[in-house]
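Here is the file data-v1.pdb (PDB, C-alpha atoms, pLDDT in the B column).
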```pdb
ATOM      1  CA  MET A   1      10.940 -16.123  10.939  1.00 67.00           C
ATOM      2  CA  ASN A   2       7.570 -14.699   9.927  1.00 80.00           C
ATOM      3  CA  LYS A   3       5.510 -13.234  12.739  1.00 91.00           C
ATOM      4  CA  LEU A   4       1.793 -12.723  12.350  1.00 94.00           C
ATOM      5  CA  ILE A   5      -0.456 -10.185  14.064  1.00 95.00           C
ATOM      6  CA  HIS A   6      -4.213 -10.038  14.353  1.00 96.00           C
ATOM      7  CA  ILE A   7      -5.694  -6.949  12.643  1.00 97.00           C
ATOM      8  CA  GLY A   8      -9.321  -7.555  13.559  1.00 95.00           C
ATOM      9  CA  PHE A   9     -12.184  -9.927  12.790  1.00 95.00           C
ATOM     10  CA  GLY A  10      -9.932 -12.982  12.471  1.00 95.00           C
ATOM     11  CA  ASN A  11      -7.656 -11.364   9.891  1.00 97.00           C
ATOM     12  CA  ILE A  12      -3.902 -11.755  10.265  1.00 97.00           C
ATOM     13  CA  VAL A  13      -0.921 -10.166   8.490  1.00 97.00           C
ATOM     14  CA  ASN A  14       2.793 -10.874   8.355  1.00 95.00           C
ATOM     15  CA  THR A  15       4.634  -8.218  10.382  1.00 94.00           C
ATOM     16  CA  GLY A  16       7.758  -8.657   8.259  1.00 93.00           C
ATOM     17  CA  LYS A  17       5.941  -7.301   5.199  1.00 95.00           C
ATOM     18  CA  ILE A  18       4.495  -4.138   6.800  1.00 96.00           C
ATOM     19  CA  ILE A  19       6.146  -0.879   5.745  1.00 96.00           C
ATOM     20  CA  ALA A  20       3.781   1.533   7.522  1.00 97.00           C
ATOM     21  CA  ILE A  21       0.563   1.677   9.528  1.00 97.00           C
ATOM     22  CA  VAL A  22      -1.222   4.960   8.862  1.00 97.00           C
ATOM     23  CA  SER A  23      -4.513   6.708   9.518  1.00 97.00           C
ATOM     24  CA  PRO A  24      -6.862   6.816   6.507  1.00 97.00           C
ATOM     25  CA  GLU A  25      -7.884  10.437   7.144  1.00 97.00           C
ATOM     26  CA  SER A  26      -5.358  12.372   5.027  1.00 97.00           C
ATOM     27  CA  ALA A  27      -5.951  13.088   1.342  1.00 98.00           C
ATOM     28  CA  PRO A  28      -2.721  11.369   0.162  1.00 98.00           C
ATOM     29  CA  VAL A  29      -3.654   8.155   2.008  1.00 98.00           C
ATOM     30  CA  LYS A  30      -7.198   8.300   0.600  1.00 98.00           C
ATOM     31  CA  ARG A  31      -5.739   8.632  -2.917  1.00 98.00           C
ATOM     32  CA  MET A  32      -3.355   5.729  -2.273  1.00 98.00           C
ATOM     33  CA  VAL A  33      -6.228   3.517  -1.079  1.00 98.00           C
ATOM     34  CA  GLN A  34      -8.421   4.490  -4.047  1.00 98.00           C
ATOM     35  CA  LYS A  35      -5.613   3.746  -6.495  1.00 98.00           C
ATOM     36  CA  ALA A  36      -4.946   0.392  -4.796  1.00 98.00           C
ATOM     37  CA  LYS A  37      -8.649  -0.499  -5.058  1.00 98.00           C
ATOM     38  CA  GLU A  38      -8.657   0.387  -8.763  1.00 98.00           C
ATOM     39  CA  ASN A  39      -5.561  -1.761  -9.356  1.00 98.00           C
ATOM     40  CA  GLY A  40      -6.821  -4.695  -7.283  1.00 98.00           C
ATOM     41  CA  MET A  41      -4.061  -4.175  -4.709  1.00 98.00           C
ATOM     42  CA  ALA A  42      -6.322  -3.385  -1.718  1.00 98.00           C
ATOM     43  CA  ILE A  43      -7.340  -5.962   0.842  1.00 98.00           C
ATOM     44  CA  ASP A  44     -10.379  -4.930   2.881  1.00 98.00           C
ATOM     45  CA  ALA A  45     -10.216  -6.575   6.317  1.00 97.00           C
ATOM     46  CA  THR A  46     -12.798  -4.258   7.911  1.00 97.00           C
ATOM     47  CA  GLN A  47     -15.811  -6.596   7.655  1.00 96.00           C
ATOM     48  CA  GLY A  48     -17.933  -3.604   6.618  1.00 97.00           C
ATOM     49  CA  ARG A  49     -16.813  -1.417   9.528  1.00 97.00           C
ATOM     50  CA  LYS A  50     -15.225   2.019   9.227  1.00 98.00           C
ATOM     51  CA  THR A  51     -11.575   1.910   8.121  1.00 98.00           C
ATOM     52  CA  LYS A  52      -9.436   3.200  10.979  1.00 98.00           C
ATOM     53  CA  SER A  53      -5.998   2.184   9.715  1.00 98.00           C
ATOM     54  CA  VAL A  54      -4.226   1.410   6.473  1.00 98.00           C
ATOM     55  CA  LEU A  55      -1.312  -1.021   6.419  1.00 98.00           C
ATOM     56  CA  VAL A  56       1.095  -0.379   3.577  1.00 98.00           C
ATOM     57  CA  MET A  57       2.794  -3.620   2.606  1.00 98.00           C
ATOM     58  CA  GLU A  58       6.127  -4.349   0.871  1.00 97.00           C
ATOM     59  CA  ASN A  59       4.495  -5.496  -2.375  1.00 95.00           C
ATOM     60  CA  SER A  60       2.552  -2.210  -2.829  1.00 94.00           C
ATOM     61  CA  GLN A  61      -0.615  -3.739  -1.450  1.00 97.00           C
ATOM     62  CA  VAL A  62      -2.646  -1.919   1.159  1.00 98.00           C
ATOM     63  CA  VAL A  63      -4.630  -3.646   3.879  1.00 98.00           C
ATOM     64  CA  LEU A  64      -7.598  -1.811   5.403  1.00 98.00           C
ATOM     65  CA  SER A  65      -8.357  -2.514   9.050  1.00 98.00           C
ATOM     66  CA  ALA A  66     -11.087  -1.432  11.469  1.00 98.00           C
ATOM     67  CA  LEU A  67      -8.561  -1.277  14.329  1.00 98.00           C
ATOM     68  CA  LEU A  68      -6.721   1.903  15.266  1.00 97.00           C
ATOM     69  CA  PRO A  69      -3.109   2.245  14.077  1.00 97.00           C
ATOM     70  CA  GLU A  70      -1.978   2.427  17.726  1.00 97.00           C
ATOM     71  CA  THR A  71      -3.630  -0.919  18.469  1.00 96.00           C
ATOM     72  CA  ILE A  72      -1.970  -2.682  15.538  1.00 96.00           C
ATOM     73  CA  ALA A  73       1.409  -1.064  16.247  1.00 95.00           C
ATOM     74  CA  GLY A  74       1.129  -2.107  19.892  1.00 94.00           C
ATOM     75  CA  ARG A  75       0.494  -5.707  18.887  1.00 92.00           C
ATOM     76  CA  ALA A  76       3.444  -5.647  16.492  1.00 90.00           C
ATOM     77  CA  GLN A  77       5.686  -4.149  19.187  1.00 89.00           C
ATOM     78  CA  SER A  78       4.608  -6.694  21.800  1.00 85.00           C
ATOM     79  CA  ASN A  79       5.391  -9.514  19.354  1.00 80.00           C
ATOM     80  CA  LEU A  80       8.805  -7.973  18.703  1.00 76.00           C
ATOM     81  CA  ALA A  81       9.527  -7.617  22.427  1.00 80.00           C
ATOM     82  CA  ALA A  82       8.460 -11.213  23.063  1.00 80.00           C
ATOM     83  CA  ASP A  83      10.745 -12.429  20.260  1.00 78.00           C
ATOM     84  CA  GLU A  84      13.723 -10.492  21.636  1.00 80.00           C
ATOM     85  CA  GLU A  85      13.048 -11.858  25.114  1.00 81.00           C
ATOM     86  CA  ALA A  86      12.870 -15.411  23.769  1.00 80.00           C
ATOM     87  CA  GLU A  87      16.166 -14.925  21.908  1.00 81.00           C
ATOM     88  CA  THR A  88      17.848 -13.583  25.045  1.00 82.00           C
ATOM     89  CA  GLU A  89      16.601 -16.533  27.109  1.00 82.00           C
ATOM     90  CA  GLY A  90      17.848 -18.911  24.412  1.00 75.00           C
ATOM     91  CA  GLU A  91      21.328 -17.366  24.564  1.00 69.00           C
ATOM     92  CA  THR A  92      21.617 -17.711  28.358  1.00 56.00           C
ATOM     93  CA  THR A  93      20.633 -21.382  28.392  1.00 52.00           C
ATOM     94  CA  GLU A  94      23.213 -22.458  25.835  1.00 51.00           C
TER      95      GLU A  94
END
```
Render the structure in this file as structure tokens.
Amino acid sequence: MNKLIHIGFGNIVNTGKIIAIVSPESAPVKRMVQKAKENGMAIDATQGRKTKSVLVMENSQVVLSALLPETIAGRAQSNLAADEEAETEGETTE
């Protein structure tokens, strides 16, 4: 089942396709983002704000977000915990 998380300004991504959530500050990440922009593989979800996190997706796309990596990771983790809890409750009622 595909789970979606909000990454800011009404933008949503599929958690099952995320490989990594990284800070855009390091030189290798900056190069990766620049290359993705040149190849048309970058999705800018910042709405003109400063990029605070880069989501690396399964299909080599990168998604730029104005939210901190910790915020996005926390949302992904809370979705995962809620799913596990729902599965456990489903097992006990059967």
Taking into account all atoms listed in the file, which residue in the set A:Asp44, A:Gly16, A:Ser26, A:Asn11 is nearest to A:Leu80? A:Gly16
Name all residues at most 8 Å from stretch 66-72 of chain A (count only C-alpha atoms; drop same-chain ones fewer than 3 positions away) and give them as a VMD selection string. chain A and resid 5 to 8 21 to 23 45 to 47 49 to 54 75 to 76
For this file, the PyMOL selection byres ((chain A and resi 41) around 9) selects which residues, as an MDAnalysis selection string? chainID A and resid 33 35:40 42:43 59:63
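Closest approach to A:Ala73 among A:Ala20, A:Ala86, A:Ile12, A:Met57 is made by A:Ala20 (distances from all atoms listed in the file).
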